[in-house]
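Just below is one structure, and these are the notes that go with it.
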Amino acid sequence: MSIRHLCVVTETYFPEVNGVANSLRRLISHLNPELYRVTIVRPAPKQSVSQPENEVWVRGIRIPQYPDLQLGMPSRESLRQHWRLDPPDLVYVATEGLLGASAVSLARQAGLPVVSAFHTNFHRYSGYYGLGVLRRLIMAWMRRFHNRTGVTFVPSRSMIEELSSAGIDRVEWLPHGVDCQRFHPDHRSTELRQRWGIEEHEQVALCVGRVAAEKNLTVALEAVQQLRHDGHAVRAVVVGDGPMRPELSRLYPDVIFTGVKTGKALSACFASADLFLMPSQTETFGLVTLEAMASGLPVVAYDQAAAREFVRSGVDGELANDDSAGAFTEALRRALQADLILMGLDSRAQAEQLSWEMVARQFERRIESLLLSAHNRHGVVQPLQTSS
């Protein structure tokens with residue numbers, strides 16, 4: 001079989017630090033290089049980095065409330081030129097912005113198979129920024145966007161029912177994996193805990209991610225504060241940055257805010273904690289949940305996204321009984337009363353079954369099925385026209 005050219009269109013990618021960029025990079029890096037060649041179309045990164053040979057950079061603008069991310073601008077001509085010089089066999093649109101819409105439209109015009117992914121609950125985010133009135137408009141955009149693609153991949157099985165009930169067709173589960181070498185209990189650092197100011201008898205409750213309203217961090221920090229008040233020796237450590245960090249630092253002076261960590265430093269942060277808190281209710285998956293489990297941490301979370309898929313309440317963590325802040329606090333209380341070391345061992349064992357190699361093979365099988373269907377329908381794709 002000849003090598004397939006897969007063109008990935010995305011608003012975010014390495015070196016940007018977020019769940020979509022991280023999971024997409026992992027998936028691409030684990031595709032079989034003897035079968036697949038990948039090019040990436042994305043907004044030019046704001047960081048000073050060299051442009052890789054397999055990337056095409058287009059214009060982007062900053063997103064309000066997300067200054068470290070960009071929204072790709074409509075780029076039909078850039079895409080047309082790229083695809084005319086290097087025609088793809090299949091287009092994978094990983095984000096639903098204007099850049100992605102351009103890619104879907106042009107791929108359909110050219111008869112190219114095109115698939116999409118649903119990674120971010122923008123319709124849920126709107127409520128956290130006083131934009132709840134836009135929720136229906138955002139969902140209408142998502143519905144039209146995804147229904148123009150052959151398949152929409154979602155990272156958790158619960159999302160299939162949610163999106164299908166919202167009128168999005170052909171939704172399929174493609175889970176995320178986790179790097180169990182990079183995230184490992186062996187990276188635990190006594191020196192790091194000392195730098196954090198953790199006493200020997202204290203337990204570290206870790207949060208990792210953007211310090212922003214939609215991440216619901218206040219629920220986790222309030223829960224830790226309540227448990228401290230009740231006599232539990234627990235301290236919260238927050239890894240990440242964002243618009244709410246100054247306010248939360250002021251409101252919770254006992255919390256340790258480390259800022260953004262990557263690479264080995266991030267691995268050490270995970271492994272040096274004692275349990276992981278995931279208070280967000282806007283995640284489509286929440287890759288940090290698996291990274292925590294691979295690091296040997298029990299997880300306290302709501303019964304959603306990755307936690308619903310993989311956390312067994314009372315075994316490798318605790319799930320809140322409902323969506324309230326009080327239920328999250330009680331889940332943390334149950335976890336602190338349990339054997340965290342034993343729970344952590346079960347967490348690690350669960351994560352070891354979730355490799356990126358397994359996810360990549362599933363993705364490849366689905367691509368081949370779609371390519372075969374496209375060939376049987378059309379025989380060949382249509383040439384890219386020179387006019388708009």
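Following the order of the structure tokens, first chain is A, next is B, and so on, with residues numbered from 1 inside each chain and ligands from 1 in the order they appear.
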
Which of segment 144-246 of chain A DSSP labels strand (DSSP E), written as a VMD selection string | chain A and resid 152 to 154 171 to 173 203 to 208 234 to 239

Exercise: segment 141-150 of chain A partners within 6 Å, only C-alpha atoms, chain neighbours under 5 positions left out, as a JSON list (two decimals) with C-alpha atoms, in the first residue's frame:
[["chain", "number", "residue", "atom", "x", "y", "z"],
["A", 114, "VAL", "CA", -12.85, 14.88, 5.54],
["A", 115, "VAL", "CA", -13.29, 14.00, 9.20],
["A", 168, "ILE", "CA", -24.78, 16.01, 15.23],
["A", 169, "ASP", "CA", -24.65, 12.87, 13.08]]

All alpha helix (DSSP H) positions in segment 125-295 of chain A, as a ChimeraX atom specification | /A:125-128,135-147,157-165,190-196,217-229,245-251,263-271,287-294

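The environment of segment 95-97 of chain A within 10 Å, counting only C-alpha atoms and disregarding residues fewer than 3 places along the same chain, consists of Val8, Val9, Thr10, Glu11, Thr12, Val20, Gln70, Leu71, Gly72, Met73, Pro74, Tyr92, Gly100, Ala101, Ser102, Val104, Ser116, Ala117, Phe118, His119, Thr120, Phe122, Trp141, Met142, Phe145 and His146 of chain A.
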
Keeping only N, CA and C atoms, write those residues as a short mmCIF file (atom, residue, chain, number, x, y, z; two decimals), in the first residue's frame.
data_model
loop_
_atom_site.label_atom_id
_atom_site.label_comp_id
_atom_site.auth_asym_id
_atom_site.auth_seq_id
_atom_site.Cartn_x
_atom_site.Cartn_y
_atom_site.Cartn_z
N VAL A 8 -3.72 17.52 8.50
CA VAL A 8 -4.39 17.88 9.75
C VAL A 8 -4.53 19.40 9.79
N VAL A 9 -5.74 19.89 9.99
CA VAL A 9 -6.01 21.32 10.09
C VAL A 9 -6.44 21.61 11.54
N THR A 10 -5.70 22.49 12.20
CA THR A 10 -5.96 22.73 13.62
C THR A 10 -5.63 24.17 14.00
N GLU A 11 -6.39 24.69 14.96
CA GLU A 11 -6.12 26.04 15.49
C GLU A 11 -4.97 26.04 16.48
N THR A 12 -4.65 24.88 17.05
CA THR A 12 -3.63 24.83 18.10
C THR A 12 -2.77 23.58 17.96
N VAL A 20 -5.83 19.92 23.72
CA VAL A 20 -6.01 19.61 22.31
C VAL A 20 -4.66 19.47 21.61
N GLN A 70 -4.96 31.10 19.50
CA GLN A 70 -5.37 31.89 18.34
C GLN A 70 -6.54 31.24 17.63
N LEU A 71 -7.29 32.07 16.92
CA LEU A 71 -8.34 31.60 16.04
C LEU A 71 -7.82 31.75 14.61
N GLY A 72 -7.75 30.65 13.89
CA GLY A 72 -7.28 30.70 12.51
C GLY A 72 -8.27 31.44 11.63
N MET A 73 -7.77 32.26 10.74
CA MET A 73 -8.63 33.00 9.84
C MET A 73 -9.01 32.14 8.63
N PRO A 74 -10.11 32.48 7.92
CA PRO A 74 -10.47 31.74 6.71
C PRO A 74 -9.27 31.72 5.74
N TYR A 92 -8.15 15.88 8.09
CA TYR A 92 -8.63 15.74 9.47
C TYR A 92 -8.67 17.13 10.10
N GLY A 100 -10.86 25.86 10.19
CA GLY A 100 -11.42 24.53 9.98
C GLY A 100 -12.58 24.54 9.01
N ALA A 101 -13.43 25.57 9.11
CA ALA A 101 -14.57 25.67 8.19
C ALA A 101 -14.10 25.81 6.75
N SER A 102 -13.01 26.58 6.54
CA SER A 102 -12.44 26.70 5.19
C SER A 102 -11.99 25.34 4.67
N VAL A 104 -13.04 22.31 5.62
CA VAL A 104 -14.17 21.43 5.34
C VAL A 104 -14.81 21.79 4.00
N SER A 116 -13.66 15.12 11.31
CA SER A 116 -13.47 16.18 12.29
C SER A 116 -13.39 15.60 13.69
N ALA A 117 -13.04 16.48 14.64
CA ALA A 117 -12.98 16.09 16.04
C ALA A 117 -13.71 17.14 16.87
N PHE A 118 -14.31 16.70 17.96
CA PHE A 118 -14.96 17.60 18.91
C PHE A 118 -14.16 17.52 20.19
N HIS A 119 -13.31 18.53 20.42
CA HIS A 119 -12.39 18.51 21.56
C HIS A 119 -12.80 19.45 22.68
N THR A 120 -13.52 20.54 22.36
CA THR A 120 -13.73 21.61 23.33
C THR A 120 -15.20 22.00 23.40
N PHE A 122 -17.11 24.55 23.66
CA PHE A 122 -17.27 26.00 23.61
C PHE A 122 -18.68 26.43 24.00
N TRP A 141 -23.67 26.41 15.03
CA TRP A 141 -22.44 26.40 14.23
C TRP A 141 -21.79 25.02 14.29
N MET A 142 -21.67 24.45 15.49
CA MET A 142 -21.05 23.14 15.65
C MET A 142 -21.81 22.08 14.86
N PHE A 145 -21.15 22.55 11.17
CA PHE A 145 -19.74 22.24 10.89
C PHE A 145 -19.52 20.73 10.83
N HIS A 146 -19.92 20.04 11.88
CA HIS A 146 -19.60 18.60 11.97
C HIS A 146 -20.44 17.76 11.02
#

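When only C-alpha atoms are used to compute distances to Pro33 of chain A, the closest of the residues A:Ile3, A:Ile256, A:Ala292, A:Leu79 turns out to be A:Ile3.
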
Determine, counting only C-alpha atoms, which protein, DNA and RNA residues have an atom within 9 Å of an atom of Ser272 of chain A; residues of the same chain fewer than 2 positions away are not included. Present the result as an NGL selection string.
-> :A and (185 or 187-190 or 192-193 or 204 or 267-270 or 274 or 295)

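The spacing separating atom CA of Ile28 of chain A from atom CA of His5 of chain A amounts to 12.2 Å.
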
Determine, counting only C-alpha atoms, which protein, DNA and RNA residues have an atom within 6 Å of an atom of segment 211-220 of chain A; residues of the same chain fewer than 4 positions away are not included. Present the result as JSON, numbers by chain.
-> {"A": [125, 128, 241, 242, 243, 244, 245, 279, 280, 325]}

Okay, now the selection with N, CA and C atoms, as an mmCIF file, in the first residue's frame?
data_model
loop_
_atom_site.group_PDB
_atom_site.id
_atom_site.type_symbol
_atom_site.label_atom_id
_atom_site.label_comp_id
_atom_site.auth_asym_id
_atom_site.auth_seq_id
_atom_site.Cartn_x
_atom_site.Cartn_y
_atom_site.Cartn_z
ATOM 1 N N TYR A 125 -18.553 26.591 27.683
ATOM 2 C CA TYR A 125 -17.684 27.677 28.150
ATOM 3 C C TYR A 125 -18.425 29.006 28.182
ATOM 4 N N TYR A 128 -19.691 30.557 31.392
ATOM 5 C CA TYR A 128 -18.739 31.035 32.387
ATOM 6 C C TYR A 128 -18.262 32.454 32.104
ATOM 7 N N ASP A 241 -1.537 28.460 34.548
ATOM 8 C CA ASP A 241 -1.687 29.909 34.642
ATOM 9 C C ASP A 241 -2.951 30.315 33.907
ATOM 10 N N GLY A 242 -3.371 31.556 34.112
ATOM 11 C CA GLY A 242 -4.569 32.034 33.447
ATOM 12 C C GLY A 242 -5.124 33.256 34.140
ATOM 13 N N PRO A 243 -6.229 33.788 33.624
ATOM 14 C CA PRO A 243 -6.737 35.081 34.093
ATOM 15 C C PRO A 243 -7.196 35.095 35.544
ATOM 16 N N MET A 244 -7.525 33.940 36.124
ATOM 17 C CA MET A 244 -8.031 33.932 37.496
ATOM 18 C C MET A 244 -6.931 33.737 38.541
ATOM 19 N N ARG A 245 -5.695 33.561 38.094
ATOM 20 C CA ARG A 245 -4.640 33.275 39.076
ATOM 21 C C ARG A 245 -4.467 34.387 40.113
ATOM 22 N N PRO A 279 -12.044 19.344 39.046
ATOM 23 C CA PRO A 279 -13.364 19.916 39.296
ATOM 24 C C PRO A 279 -14.096 20.404 38.045
ATOM 25 N N SER A 280 -13.438 20.421 36.889
ATOM 26 C CA SER A 280 -14.045 20.970 35.681
ATOM 27 C C SER A 280 -15.261 20.159 35.257
ATOM 28 N N ALA A 325 -21.107 21.475 44.327
ATOM 29 C CA ALA A 325 -19.821 21.697 44.992
ATOM 30 C C ALA A 325 -19.726 20.844 46.250
#

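Shortest separation to Ile61 of chain A among A:Leu332, A:Ala44, A:Leu266, A:Ala306 occurs at residue A:Ala44, atoms counted being only C-alpha atoms.
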
Find the spatial neighbours of Gln353 of chain A, counting only C-alpha atoms, within a cut-off of 12 Å - ignore same-chain residues fewer than 2 positions away - and output them as a compact mmCIF listing (two decimals) with N, CA and C atoms, in the first residue's frame.
# COMPACT_ATOMS: atom_id res chain seq x y z
N HIS A 176 -8.47 9.06 24.07
CA HIS A 176 -7.10 9.55 24.21
C HIS A 176 -6.28 8.48 24.92
N GLY A 177 -4.98 8.51 24.70
CA GLY A 177 -4.08 7.63 25.41
C GLY A 177 -3.25 8.43 26.40
N VAL A 178 -2.25 7.77 26.98
CA VAL A 178 -1.37 8.44 27.92
C VAL A 178 0.02 7.83 27.81
N ASP A 179 1.04 8.66 27.97
CA ASP A 179 2.43 8.22 27.92
C ASP A 179 2.83 7.77 29.32
N CYS A 180 2.86 6.47 29.55
CA CYS A 180 3.11 5.93 30.88
C CYS A 180 4.59 5.92 31.26
N LEU A 290 -5.84 11.24 32.93
CA LEU A 290 -5.03 10.06 32.64
C LEU A 290 -3.57 10.26 33.04
N MET A 293 -3.38 9.63 36.67
CA MET A 293 -3.48 8.20 36.97
C MET A 293 -2.18 7.47 36.63
N ALA A 294 -1.58 7.82 35.49
CA ALA A 294 -0.30 7.20 35.12
C ALA A 294 0.78 7.54 36.13
N PHE A 310 -12.84 6.08 33.20
CA PHE A 310 -11.73 5.28 33.73
C PHE A 310 -11.60 5.26 35.25
N ASP A 346 -3.76 1.23 42.01
CA ASP A 346 -4.85 0.86 41.10
C ASP A 346 -4.99 1.86 39.96
N SER A 347 -4.75 3.15 40.27
CA SER A 347 -4.80 4.18 39.23
C SER A 347 -3.75 3.92 38.16
N ARG A 348 -2.55 3.65 38.59
CA ARG A 348 -1.45 3.37 37.66
C ARG A 348 -1.77 2.15 36.79
N ALA A 349 -2.29 1.10 37.39
CA ALA A 349 -2.62 -0.11 36.63
C ALA A 349 -3.68 0.18 35.57
N GLN A 350 -4.65 1.02 35.91
CA GLN A 350 -5.69 1.38 34.94
C GLN A 350 -5.08 2.16 33.77
N ALA A 351 -4.19 3.10 34.07
CA ALA A 351 -3.59 3.92 33.01
C ALA A 351 -2.71 3.10 32.08
N SER A 355 -2.66 3.03 26.00
CA SER A 355 -1.49 3.53 25.28
C SER A 355 -1.90 4.33 24.04
N TRP A 356 -1.04 5.28 23.65
CA TRP A 356 -1.27 6.02 22.41
C TRP A 356 -1.12 5.12 21.19
N GLU A 357 -0.33 4.05 21.31
CA GLU A 357 -0.20 3.10 20.19
C GLU A 357 -1.56 2.46 19.88
N MET A 358 -2.29 2.09 20.92
CA MET A 358 -3.61 1.50 20.73
C MET A 358 -4.56 2.50 20.07
N VAL A 359 -4.53 3.75 20.52
CA VAL A 359 -5.40 4.78 19.96
C VAL A 359 -5.07 5.03 18.49

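Candidate residues A:Leu275, A:Thr282, A:Ala305, A:Asp254 were compared for distance to Glu318 of chain A, and the nearest is A:Leu275, using only C-alpha atoms.
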
Find the residues around Gln47 of chain A up to 12 Å (only C-alpha atoms counted), leave out those fewer than 6 positions away in its own chain, and share them as JSON, numbers by chain.
-> {"A": [13, 14, 15, 16, 17, 68, 69, 70]}

Those residues you just picked out, can you put them in a file as a PDB file, in the first residue's frame with N, CA and C atoms?
ATOM      1  N   TYR A  13      -1.478  23.769  18.216  1.00  0.00           N
ATOM      2  CA  TYR A  13      -0.536  22.641  18.113  1.00  0.00           C
ATOM      3  C   TYR A  13       0.737  23.044  18.857  1.00  0.00           C
ATOM      4  N   PHE A  14       1.626  22.085  19.035  1.00  0.00           N
ATOM      5  CA  PHE A  14       2.906  22.339  19.690  1.00  0.00           C
ATOM      6  C   PHE A  14       3.617  23.535  19.009  1.00  0.00           C
ATOM      7  N   PRO A  15       4.225  24.465  19.785  1.00  0.00           N
ATOM      8  CA  PRO A  15       4.587  24.380  21.202  1.00  0.00           C
ATOM      9  C   PRO A  15       3.546  24.928  22.170  1.00  0.00           C
ATOM     10  N   GLU A  16       2.315  25.187  21.698  1.00  0.00           N
ATOM     11  CA  GLU A  16       1.282  25.641  22.613  1.00  0.00           C
ATOM     12  C   GLU A  16       0.947  24.537  23.613  1.00  0.00           C
ATOM     13  N   VAL A  17       0.576  24.934  24.812  1.00  0.00           N
ATOM     14  CA  VAL A  17       0.346  23.978  25.899  1.00  0.00           C
ATOM     15  C   VAL A  17      -1.141  23.959  26.237  1.00  0.00           C
ATOM     16  N   ASP A  68      -3.059  33.212  24.925  1.00  0.00           N
ATOM     17  CA  ASP A  68      -2.021  32.294  24.471  1.00  0.00           C
ATOM     18  C   ASP A  68      -2.494  31.416  23.314  1.00  0.00           C
ATOM     19  N   LEU A  69      -3.764  31.554  22.908  1.00  0.00           N
ATOM     20  CA  LEU A  69      -4.300  30.774  21.799  1.00  0.00           C
ATOM     21  C   LEU A  69      -4.754  31.695  20.680  1.00  0.00           C
ATOM     22  N   GLN A  70      -4.965  31.100  19.499  1.00  0.00           N
ATOM     23  CA  GLN A  70      -5.369  31.888  18.344  1.00  0.00           C
ATOM     24  C   GLN A  70      -6.544  31.243  17.631  1.00  0.00           C
TER      25      GLN A  70
END

Go ahead and compute the interatomic distance for atom CA of Val299 of chain A and atom CA of Glu199 of chain A, in Å to one decimal.
-> 21.7 Å

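When atom CA of Gly60 of chain A is paired with atom CA of Ala140 of chain A, their separation reads 23.1 Å.
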
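Closest approach to Met139 of chain A among A:Gln281, A:Val224, A:Pro155, A:Gly167: A:Gly167, based on only C-alpha atoms.
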
With distances taken over only C-alpha atoms, which of A:Gln362, A:Asp186, A:Val208, A:Gln304 is nearest to Phe276 of chain A?
-> A:Val208

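Closest approach to Arg59 of chain A from the set A:Leu98, A:Tyr302, A:Ala205, A:Leu90 is made by A:Leu98, with distances taken over only C-alpha atoms.
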